[in-house]
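**Q** Let me give you the structure first, and then I'll get to my questions.
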Amino acid sequence: MIDSAYIIISALLIATLSALLKTPGLPGVFFVLSFLLVLLALALYDECYLQLPNHLLVCLLLLSCIIVMYEDKPLLEALLFAALSFVTLLSVSFIAQLISREAKIGMGDIKLLSILAISLKEDLLILLILSCILFVCVNLLLHRSSSAFGPYIVICWFIIYLGI
């Protein structure tokens, strides 16, 4: 599965870069589609293997930066917000781990939320709250004690970002 993910992502990036050189308005669409496909791959991988691979997270980060630059938004501001989100989420996770003696949210989820903060900014807290609510509801309905959190983050990102 990982080899096919590399091939798909590489093909998308090559198509995106070649489109960037040829068509003035179309590259933004390719970047967004690439971003969405990597996000979907992350959700599926997390559901199957209970981890979010760093190479896909880095790819998502790079695509996020490209989209921000393509939209003529301030990249430094977006990256600073992502870094602040990372530190905040890491601190909350650390405090929760001290209180309960076990990790409640994984590092991959923290990285994913921080990267998605680039596109959501102020809606990050809403994303986190919706993800937690969806996670709890689904796990209660399915009588599961634990599961991957990444897919719920991705589903809620789609709900917020696309205005569903």
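Following the order of the structure tokens, first chain is A, next is B, and so on, with residues numbered from 1 inside each chain and ligands from 1 in the order they appear.
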At a cut-off of 12 Å, using only C-alpha atoms, what residues contact Glu77 of chain A? Leave out same-chain residues fewer than 3 positions from it and give the result as an mmCIF file with N, CA and C atoms, in the first residue's frame.
**A**
data_model
loop_
_atom_site.group_PDB
_atom_site.id
_atom_site.type_symbol
_atom_site.label_atom_id
_atom_site.label_comp_id
_atom_site.auth_asym_id
_atom_site.auth_seq_id
_atom_site.Cartn_x
_atom_site.Cartn_y
_atom_site.Cartn_z
ATOM 1 N N CYS A 65 1.404 24.633 2.050
ATOM 2 C CA CYS A 65 2.209 25.837 1.816
ATOM 3 C C CYS A 65 2.069 26.321 0.375
ATOM 4 N N VAL A 68 -1.315 28.008 -0.001
ATOM 5 C CA VAL A 68 -1.312 29.331 0.634
ATOM 6 C C VAL A 68 -0.600 30.343 -0.261
ATOM 7 N N MET A 69 0.563 29.962 -0.799
ATOM 8 C CA MET A 69 1.297 30.872 -1.676
ATOM 9 C C MET A 69 0.533 31.129 -2.966
ATOM 10 N N ASP A 72 -2.032 33.741 -2.696
ATOM 11 C CA ASP A 72 -1.463 35.035 -2.296
ATOM 12 C C ASP A 72 -1.777 35.408 -0.853
ATOM 13 N N LYS A 73 -1.776 34.420 0.018
ATOM 14 C CA LYS A 73 -1.955 34.663 1.446
ATOM 15 C C LYS A 73 -0.580 34.655 2.101
ATOM 16 N N PRO A 74 -0.441 35.304 3.254
ATOM 17 C CA PRO A 74 0.870 35.348 3.915
ATOM 18 C C PRO A 74 1.281 33.970 4.466
ATOM 19 N N LEU A 80 3.340 30.229 11.241
ATOM 20 C CA LEU A 80 3.406 30.576 12.665
ATOM 21 C C LEU A 80 2.161 30.092 13.403
ATOM 22 N N PHE A 81 1.006 30.218 12.771
ATOM 23 C CA PHE A 81 -0.228 29.726 13.385
ATOM 24 C C PHE A 81 -0.176 28.208 13.539
ATOM 25 N N ALA A 82 0.352 27.516 12.528
ATOM 26 C CA ALA A 82 0.489 26.058 12.602
ATOM 27 C C ALA A 82 1.453 25.662 13.723
ATOM 28 N N ALA A 83 2.560 26.396 13.851
ATOM 29 C CA ALA A 83 3.529 26.096 14.914
ATOM 30 C C ALA A 83 2.926 26.350 16.293
ATOM 31 N N LEU A 84 2.193 27.445 16.431
ATOM 32 C CA LEU A 84 1.524 27.737 17.697
ATOM 33 C C LEU A 84 0.484 26.673 18.016
ATOM 34 N N ALA A 117 -4.405 23.373 10.438
ATOM 35 C CA ALA A 117 -4.569 24.737 10.965
ATOM 36 C C ALA A 117 -4.167 25.778 9.925
ATOM 37 N N ILE A 118 -3.297 25.394 8.999
ATOM 38 C CA ILE A 118 -2.882 26.318 7.937
ATOM 39 C C ILE A 118 -4.086 26.717 7.093
ATOM 40 N N SER A 119 -4.966 25.761 6.818
ATOM 41 C CA SER A 119 -6.128 26.077 5.978
ATOM 42 C C SER A 119 -7.328 26.566 6.789
ATOM 43 N N LYS A 121 -7.219 27.924 10.226
ATOM 44 C CA LYS A 121 -6.899 29.000 11.168
ATOM 45 C C LYS A 121 -7.831 28.988 12.370
#
**Q** Name all residues at most 10 Å from segment 151-154 of chain A (count only C-alpha atoms; drop same-chain ones fewer than 2 positions away) and give them as a PyMOL selection string.
**A** chain A and resi 36+39-47+109+112-113+116+127-136+138+147-149+156-160
**Q** Between atom CA of Ser145 of chain A and atom CA of Leu56 of chain A, what is the spacing in Å?
**A**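 Going from atom CA of Leu56 of chain A over to atom CA of Ser145 of chain A, I get 26.9 Å.
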**Q** For segment 85-101 of chain A, list every protein, DNA or RNA residue within 7 Å, evaluated using only C-alpha atoms, and leave out those in the same chain fewer than 3 positions away; present the list as a PDB file with C-alpha atoms, in the first residue's frame.
**A**
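Once everything was written out, this is out.pdb:
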ATOM      1  CA  PHE A  81      -0.228  29.726  13.385  1.00  0.00           C
ATOM      2  CA  ALA A  82       0.489  26.058  12.602  1.00  0.00           C
ATOM      3  CA  LYS A 104      -5.133  10.309  24.713  1.00  0.00           C
ATOM      4  CA  ILE A 105      -4.074  11.713  21.344  1.00  0.00           C
ATOM      5  CA  ILE A 110      -1.281  16.519  16.647  1.00  0.00           C
ATOM      6  CA  LYS A 111       0.806  16.973  13.485  1.00  0.00           C
ATOM      7  CA  SER A 114      -1.388  21.525  13.100  1.00  0.00           C
TER       8      SER A 114
END
**Q** One decimal, Å: what's the distance from atom CA of Leu52 of chain A over to atom CA of Leu141 of chain A, could you say?
**A**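 The value is 24.4 Å.
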**Q** Out of segment 6-159 of chain A, which residues get alpha helix (DSSP H) from DSSP, as a PyMOL selection string?
**A** chain A and resi 6-22+27-49+54-70+75-100+107-120+124-141+150-159
**Q** Measure the distance from atom CA of Gln51 of chain A to atom CA of Gly108 of chain A in Å and round it to one decimal.
**A** 6.6 Å
